[in-house]
Amino acid sequence: MRGKTKKQESPYTKGAGAARASCLLSDLARLYYTAGCCRQTMGDNEAALENFLKALAFASKDCPDLQRQKITLHLADAYLALNRFGKAADTAAAAIRGRDPSSEVYLRHGYAMMKIQRPLQANYSLMEAYRRNPGDGRAVDYLGVTMHQQGAPTADPQIAALLIRIFREKETFFQRFSGAWHSQLSGTRFWPEIKKMLGIPDVAAIIRTLDSDPESLDALKTDLFTAGISRLLVSNRAYERLLQAARSVCLRRAMQKDRGNHTEKDISLAAALARNAFLSEYVYDISEEERALLDRMETGVSEPDAFCLALYAAYRPLYGSPYMDYAKRKTAFFPESVRTLVKMQILQIEDERRRADRIPALSPIEDEISQKVQAQYEAHPYPRWESGAPLYMFSNAPLGKAFRKTEDVLIAGCGTGKHVLVTKSMYAFPRIDAVDLCRTSLSYASRKLEELGIEDVNLMQADILDLEKLGKQYDIIESVGVLHHMRDPLEGWRVLCRLLKPGGRMHIGLYSAYAREDIVYAKNLIAEQGYSSSPDDMRAARRFLIERAPGDPLLSRLVTRPDFYTLSSCRDMLFHEQEHRITLLQLEDMLNELGLAFTGFSSPLPQARIAYAKRFPEDAGATNLKNWHALEAETRNMFGSMYQFRCGLRS
């Protein structure tokens, strides 16, 4: 037996026989690998998985033209597409233990760990993926998710340096890094000064601290602080007070007699304050002293230096200002931070104005309420978004989505285009028509979508009431946060129903009466005070609500809403020309009247779904609106502020 065994082994272990075996194994591996790739492209991930497993079993370490790592990547993607995230993580981890793992292997491992809520392990792998391939933005985008999951990663110089680089060099959904940014600030040597100022409840007192203590202002000039406020929209009262005070102190210094004697860090802070102010659309209060200094600058300084120009831009946009032409002419002579500011506040707006002229209109806007809503959004396009998640962020695989058929999609009320981005990501080959009342919003959408490489979307100015003039029907209709701003939401919804193909689906968003109690309460207080929707009145109304918030549960809740921290979203929330709110019982009546079947929510918080399952275990599909109404009546704000749900025509 021993001799026989040795005789059988020899062709596979020695000389030419071993080489022939290696070629045979590599041919089989290549065959299964190719079959797996074909199946994966077709969306048959179960079959792809089986083929990749066989390819991995047959692949030889000596195979020169087919690396095990390549098969492993596709195998991990098949597991990810099937939502088998633990298996995907194990597959990538095995490859990491092999020889010289690539950045793609670390990316898969980090992504899978992100999906199973293991942020610490995900952070390590994603940071390693980024280190090995800084040009790949996927690792950065996923790091934003994992750092958001983690909440407050421990202060670490490596993470702080990574955040500075991301804020300065990358384009991603920066708000996900806000918690990580704050936690990394707490690890810097200047944190005691920043923490002290964040704890001061009065802007004037913070100004006195900045004036009297040079180290306090130096704390705000650090790379981490300025990089963060350049990209992050502050939705926190303590940080708002601090930025307001810093802006005021810098403005006074800009207008002192020795102006021009400013360091690179001074200019960097001024430009960061200006970018942050532009992101919030100048929602912060302006004192009479600040107004006088700005007027003095306009009349007495014809060619401001970089520091003065940035400070001016922290109060008033450069577009349309007395310094607009000067800033464009001198851009090349300014530091990079101010050149970026000129691009944001002038060049991009000029681009949007040109695009607005090229956007087609379906028909004139004739409905009176539609005209009022249109005028509001022409003045304050909503939502303003500086950065968005790329399409792959919405897929269950870093390499992209599974194959799905082409579908005709209508977005009725696309606003500034963020909804287009999410919708585009959900289907492999969607044909999207995106319409909105507001030409300014549509031009903003056009620019932002082109920046993200999305050019195959048909943008058009139109009223929902006129959409039948398109002469088309759609597989999918998206209308979130739109119908409740119409004169008669049901009338607009009927139009959309007539545009839906048999078997088509709708995704609708309508305001919840319960979830918006704090907003309705604030709107009533604002009306009693007689505030209008002018920018100055909106700032005054915010100040009035902030002063009354302590001790008032509803206002305390209101001032924590992110929409409270930009001018356009504040107007949309508190000063809208038209708004309807409903309960879930009313929603059920509307669905019945329209002949629509409710198929489920997309909006309630995860804890709300858990609470519903415990309370109503008999409703496995969680589609009983009477049950949801009973639960919402107890919890009040389980839907944020809006019901978002899916429905379709009844058979």
# chains A, B, ... in the order shown; residues from 1 in each chain; ligands from 1

$ residues_around --residues "stretch 560-567 of chain A" --least-positions-apart "3" --cutoff "9 Å" --atoms "only C-alpha atoms" --output "PyMOL selection string"
chain A and resi 233-237+240+279-284+380+384+535+538-539+542+555-557+570-574

$ closest_residue --among "A:Leu470, A:Leu631, A:Val422, A:Met113" --to "A:Tyr514" --atoms "only C-alpha atoms"
A:Leu631

$ select_by_dssp --residues "stretch 301-449 of chain A" --states "strand (DSSP E or B)" --output "number ranges by chain"
A: 361, 407-412, 430-436

$ atom_distance --atom1 "atom CA of A:Met197" --atom2 "atom CA of A:Arg231"
21.1 Å

$ atom_distance --atom1 "atom CA of A:Ile477" --atom2 "atom CA of A:Val409"
5.8 Å

$ residues_around --residues "A:Cys438" --least-positions-apart "5" --cutoff "12 Å" --atoms "only C-alpha atoms" --output "number ranges by chain"
A: 356, 359-361, 364-365, 370-382, 413-417, 443-445, 459-463

$ residues_around --residues "A:Glu386" --least-positions-apart "6" --cutoff "10 Å" --atoms "only C-alpha atoms" --output "list in words"
Glu171, Thr172, Phe173, Phe174, Arg231, Leu232, Leu233, Leu279, Met344 and Lys448 of chain A

$ residues_around --residues "A:Ile229" --least-positions-apart "2" --cutoff "12 Å" --atoms "only C-alpha atoms" --output "ChimeraX atom specification"
/A:163-164,167-168,174-175,177-178,181-182,185,220-227,231-235,239-240,242-243,268-280

$ select_by_dssp --residues "stretch 344-377 of chain A" --states "alpha helix (DSSP H)" --output "PyMOL selection string"
chain A and resi 348-358+368-377

$ residues_around --residues "A:Ile116" --least-positions-apart "3" --cutoff "9 Å" --atoms "only C-alpha atoms" --output "ChimeraX atom specification"
/A:85-86,111-113,119

$ atom_distance --atom1 "atom CA of A:Asp436" --atom2 "atom CA of A:Ile411"
8.6 Å

$ residues_around --residues "stretch 216-219 of chain A" --least-positions-apart "6" --cutoff "10 Å" --atoms "only C-alpha atoms" --output "list of chain:residue names"
A:Leu185, A:Thr188, A:Arg189, A:Phe190, A:Trp191, A:Pro192, A:Glu193, A:Ile194, A:Lys196, A:Met197, A:Ile206, A:Ile207, A:Thr209, A:Leu210, A:Phe225, A:Thr226, A:Ala246, A:Val249, A:Cys250, A:Lys265, A:Asp266, A:Leu269

$ closest_residue --among "A:Asp202, A:Glu577, A:Asp136, A:Glu491" --to "A:Glu368" --atoms "only C-alpha atoms"
A:Glu577

$ closest_residue --among "A:Ser641, A:Asp552, A:Thr599, A:Pro502" --to "A:Arg516" --atoms "only C-alpha atoms"
A:Ser641

$ closest_residue --among "A:Leu293, A:Leu500, A:Ala327, A:Leu510" --to "A:Leu347" --atoms "only C-alpha atoms"
A:Ala327

$ decode --residues "stretch 492-538 of chain A" --atoms "N, CA and C atoms" --output "PDB file, in the first residue's frame"
ATOM      1  N   GLY A 492     -53.231  66.854  -6.134  1.00  0.00           N
ATOM      2  CA  GLY A 492     -51.928  66.562  -6.713  1.00  0.00           C
ATOM      3  C   GLY A 492     -51.630  65.075  -6.732  1.00  0.00           C
ATOM      4  N   TRP A 493     -52.030  64.383  -5.663  1.00  0.00           N
ATOM      5  CA  TRP A 493     -51.788  62.946  -5.575  1.00  0.00           C
ATOM      6  C   TRP A 493     -52.591  62.193  -6.637  1.00  0.00           C
ATOM      7  N   ARG A 494     -53.803  62.671  -6.926  1.00  0.00           N
ATOM      8  CA  ARG A 494     -54.624  62.038  -7.980  1.00  0.00           C
ATOM      9  C   ARG A 494     -53.911  62.116  -9.337  1.00  0.00           C
ATOM     10  N   VAL A 495     -53.291  63.268  -9.609  1.00  0.00           N
ATOM     11  CA  VAL A 495     -52.545  63.410 -10.862  1.00  0.00           C
ATOM     12  C   VAL A 495     -51.440  62.361 -10.932  1.00  0.00           C
ATOM     13  N   LEU A 496     -50.709  62.187  -9.838  1.00  0.00           N
ATOM     14  CA  LEU A 496     -49.625  61.202  -9.817  1.00  0.00           C
ATOM     15  C   LEU A 496     -50.157  59.789 -10.010  1.00  0.00           C
ATOM     16  N   CYS A 497     -51.309  59.485  -9.435  1.00  0.00           N
ATOM     17  CA  CYS A 497     -51.904  58.153  -9.606  1.00  0.00           C
ATOM     18  C   CYS A 497     -52.210  57.872 -11.076  1.00  0.00           C
ATOM     19  N   ARG A 498     -52.643  58.892 -11.792  1.00  0.00           N
ATOM     20  CA  ARG A 498     -52.957  58.699 -13.213  1.00  0.00           C
ATOM     21  C   ARG A 498     -51.695  58.508 -14.060  1.00  0.00           C
ATOM     22  N   LEU A 499     -50.539  58.861 -13.510  1.00  0.00           N
ATOM     23  CA  LEU A 499     -49.278  58.693 -14.225  1.00  0.00           C
ATOM     24  C   LEU A 499     -48.585  57.376 -13.901  1.00  0.00           C
ATOM     25  N   LEU A 500     -49.164  56.589 -12.988  1.00  0.00           N
ATOM     26  CA  LEU A 500     -48.526  55.348 -12.533  1.00  0.00           C
ATOM     27  C   LEU A 500     -48.957  54.171 -13.403  1.00  0.00           C
ATOM     28  N   LYS A 501     -47.977  53.413 -13.878  1.00  0.00           N
ATOM     29  CA  LYS A 501     -48.276  52.219 -14.672  1.00  0.00           C
ATOM     30  C   LYS A 501     -48.932  51.155 -13.791  1.00  0.00           C
ATOM     31  N   PRO A 502     -49.740  50.266 -14.371  1.00  0.00           N
ATOM     32  CA  PRO A 502     -50.247  49.117 -13.598  1.00  0.00           C
ATOM     33  C   PRO A 502     -49.079  48.331 -13.003  1.00  0.00           C
ATOM     34  N   GLY A 503     -49.177  48.044 -11.723  1.00  0.00           N
ATOM     35  CA  GLY A 503     -48.082  47.350 -11.047  1.00  0.00           C
ATOM     36  C   GLY A 503     -46.966  48.266 -10.591  1.00  0.00           C
ATOM     37  N   GLY A 504     -47.100  49.573 -10.845  1.00  0.00           N
ATOM     38  CA  GLY A 504     -46.066  50.521 -10.447  1.00  0.00           C
ATOM     39  C   GLY A 504     -46.079  50.792  -8.952  1.00  0.00           C
ATOM     40  N   ARG A 505     -45.032  51.483  -8.472  1.00  0.00           N
ATOM     41  CA  ARG A 505     -44.914  51.780  -7.035  1.00  0.00           C
ATOM     42  C   ARG A 505     -44.739  53.271  -6.823  1.00  0.00           C
ATOM     43  N   MET A 506     -45.198  53.723  -5.674  1.00  0.00           N
ATOM     44  CA  MET A 506     -45.021  55.122  -5.268  1.00  0.00           C
ATOM     45  C   MET A 506     -44.269  55.187  -3.946  1.00  0.00           C
ATOM     46  N   HIS A 507     -43.443  56.219  -3.822  1.00  0.00           N
ATOM     47  CA  HIS A 507     -42.795  56.542  -2.544  1.00  0.00           C
ATOM     48  C   HIS A 507     -43.206  57.970  -2.212  1.00  0.00           C
ATOM     49  N   ILE A 508     -43.982  58.125  -1.133  1.00  0.00           N
ATOM     50  CA  ILE A 508     -44.603  59.406  -0.795  1.00  0.00           C
ATOM     51  C   ILE A 508     -44.148  59.850   0.591  1.00  0.00           C
ATOM     52  N   GLY A 509     -44.026  61.164   0.786  1.00  0.00           N
ATOM     53  CA  GLY A 509     -43.727  61.720   2.108  1.00  0.00           C
ATOM     54  C   GLY A 509     -44.706  62.826   2.444  1.00  0.00           C
ATOM     55  N   LEU A 510     -45.376  62.717   3.608  1.00  0.00           N
ATOM     56  CA  LEU A 510     -46.352  63.715   4.062  1.00  0.00           C
ATOM     57  C   LEU A 510     -46.091  64.057   5.522  1.00  0.00           C
ATOM     58  N   TYR A 511     -46.316  65.315   5.885  1.00  0.00           N
ATOM     59  CA  TYR A 511     -46.043  65.767   7.245  1.00  0.00           C
ATOM     60  C   TYR A 511     -46.962  65.087   8.260  1.00  0.00           C
ATOM     61  N   SER A 512     -46.365  64.717   9.396  1.00  0.00           N
ATOM     62  CA  SER A 512     -47.108  64.139  10.518  1.00  0.00           C
ATOM     63  C   SER A 512     -47.561  65.248  11.469  1.00  0.00           C
ATOM     64  N   ALA A 513     -48.848  65.246  11.805  1.00  0.00           N
ATOM     65  CA  ALA A 513     -49.377  66.243  12.742  1.00  0.00           C
ATOM     66  C   ALA A 513     -48.758  66.068  14.127  1.00  0.00           C
ATOM     67  N   TYR A 514     -48.568  64.822  14.556  1.00  0.00           N
ATOM     68  CA  TYR A 514     -47.991  64.572  15.879  1.00  0.00           C
ATOM     69  C   TYR A 514     -46.515  64.978  15.932  1.00  0.00           C
ATOM     70  N   ALA A 515     -45.739  64.573  14.916  1.00  0.00           N
ATOM     71  CA  ALA A 515     -44.289  64.775  14.962  1.00  0.00           C
ATOM     72  C   ALA A 515     -43.901  66.240  14.839  1.00  0.00           C
ATOM     73  N   ARG A 516     -44.812  67.074  14.321  1.00  0.00           N
ATOM     74  CA  ARG A 516     -44.483  68.483  14.100  1.00  0.00           C
ATOM     75  C   ARG A 516     -45.140  69.403  15.142  1.00  0.00           C
ATOM     76  N   GLU A 517     -45.475  68.860  16.287  1.00  0.00           N
ATOM     77  CA  GLU A 517     -46.104  69.684  17.327  1.00  0.00           C
ATOM     78  C   GLU A 517     -45.206  70.842  17.746  1.00  0.00           C
ATOM     79  N   ASP A 518     -43.903  70.580  17.882  1.00  0.00           N
ATOM     80  CA  ASP A 518     -42.990  71.651  18.285  1.00  0.00           C
ATOM     81  C   ASP A 518     -42.907  72.728  17.211  1.00  0.00           C
ATOM     82  N   ILE A 519     -42.974  72.314  15.938  1.00  0.00           N
ATOM     83  CA  ILE A 519     -42.892  73.270  14.831  1.00  0.00           C
ATOM     84  C   ILE A 519     -44.155  74.129  14.773  1.00  0.00           C
ATOM     85  N   VAL A 520     -45.314  73.497  14.907  1.00  0.00           N
ATOM     86  CA  VAL A 520     -46.582  74.247  14.883  1.00  0.00           C
ATOM     87  C   VAL A 520     -46.633  75.241  16.046  1.00  0.00           C
ATOM     88  N   TYR A 521     -46.179  74.801  17.207  1.00  0.00           N
ATOM     89  CA  TYR A 521     -46.133  75.667  18.390  1.00  0.00           C
ATOM     90  C   TYR A 521     -45.248  76.891  18.118  1.00  0.00           C
ATOM     91  N   ALA A 522     -44.062  76.657  17.529  1.00  0.00           N
ATOM     92  CA  ALA A 522     -43.144  77.762  17.225  1.00  0.00           C
ATOM     93  C   ALA A 522     -43.729  78.681  16.153  1.00  0.00           C
ATOM     94  N   LYS A 523     -44.378  78.117  15.150  1.00  0.00           N
ATOM     95  CA  LYS A 523     -44.986  78.929  14.086  1.00  0.00           C
ATOM     96  C   LYS A 523     -46.042  79.867  14.672  1.00  0.00           C
ATOM     97  N   ASN A 524     -46.805  79.372  15.619  1.00  0.00           N
ATOM     98  CA  ASN A 524     -47.828  80.216  16.250  1.00  0.00           C
ATOM     99  C   ASN A 524     -47.187  81.356  17.044  1.00  0.00           C
ATOM    100  N   LEU A 525     -46.106  81.063  17.766  1.00  0.00           N
ATOM    101  CA  LEU A 525     -45.399  82.116  18.510  1.00  0.00           C
ATOM    102  C   LEU A 525     -44.829  83.167  17.555  1.00  0.00           C
ATOM    103  N   ILE A 526     -44.277  82.714  16.452  1.00  0.00           N
ATOM    104  CA  ILE A 526     -43.714  83.630  15.453  1.00  0.00           C
ATOM    105  C   ILE A 526     -44.797  84.531  14.873  1.00  0.00           C
ATOM    106  N   ALA A 527     -45.950  83.930  14.573  1.00  0.00           N
ATOM    107  CA  ALA A 527     -47.066  84.714  14.020  1.00  0.00           C
ATOM    108  C   ALA A 527     -47.542  85.773  15.013  1.00  0.00           C
ATOM    109  N   GLU A 528     -47.578  85.417  16.301  1.00  0.00           N
ATOM    110  CA  GLU A 528     -48.006  86.378  17.334  1.00  0.00           C
ATOM    111  C   GLU A 528     -47.050  87.569  17.397  1.00  0.00           C
ATOM    112  N   GLN A 529     -45.766  87.319  17.147  1.00  0.00           N
ATOM    113  CA  GLN A 529     -44.767  88.390  17.203  1.00  0.00           C
ATOM    114  C   GLN A 529     -44.709  89.201  15.915  1.00  0.00           C
ATOM    115  N   GLY A 530     -45.354  88.693  14.859  1.00  0.00           N
ATOM    116  CA  GLY A 530     -45.411  89.426  13.596  1.00  0.00           C
ATOM    117  C   GLY A 530     -44.152  89.347  12.748  1.00  0.00           C
ATOM    118  N   TYR A 531     -43.339  88.311  12.942  1.00  0.00           N
ATOM    119  CA  TYR A 531     -42.121  88.179  12.139  1.00  0.00           C
ATOM    120  C   TYR A 531     -42.479  87.768  10.715  1.00  0.00           C
ATOM    121  N   SER A 532     -41.782  88.363   9.743  1.00  0.00           N
ATOM    122  CA  SER A 532     -41.965  87.993   8.340  1.00  0.00           C
ATOM    123  C   SER A 532     -40.894  86.981   7.947  1.00  0.00           C
ATOM    124  N   SER A 533     -40.865  86.619   6.659  1.00  0.00           N
ATOM    125  CA  SER A 533     -39.873  85.659   6.178  1.00  0.00           C
ATOM    126  C   SER A 533     -38.659  86.349   5.559  1.00  0.00           C
ATOM    127  N   SER A 534     -38.455  87.640   5.848  1.00  0.00           N
ATOM    128  CA  SER A 534     -37.227  88.295   5.393  1.00  0.00           C
ATOM    129  C   SER A 534     -36.051  87.726   6.192  1.00  0.00           C
ATOM    130  N   PRO A 535     -34.847  87.727   5.624  1.00  0.00           N
ATOM    131  CA  PRO A 535     -33.694  87.178   6.353  1.00  0.00           C
ATOM    132  C   PRO A 535     -33.497  87.805   7.729  1.00  0.00           C
ATOM    133  N   ASP A 536     -33.625  89.118   7.852  1.00  0.00           N
ATOM    134  CA  ASP A 536     -33.439  89.764   9.154  1.00  0.00           C
ATOM    135  C   ASP A 536     -34.507  89.328  10.147  1.00  0.00           C
ATOM    136  N   ASP A 537     -35.760  89.216   9.681  1.00  0.00           N
ATOM    137  CA  ASP A 537     -36.832  88.783  10.580  1.00  0.00           C
ATOM    138  C   ASP A 537     -36.659  87.321  10.987  1.00  0.00           C
ATOM    139  N   MET A 538     -36.182  86.492  10.066  1.00  0.00           N
ATOM    140  CA  MET A 538     -35.957  85.086  10.429  1.00  0.00           C
ATOM    141  C   MET A 538     -34.850  84.967  11.472  1.00  0.00           C
TER     142      MET A 538
END
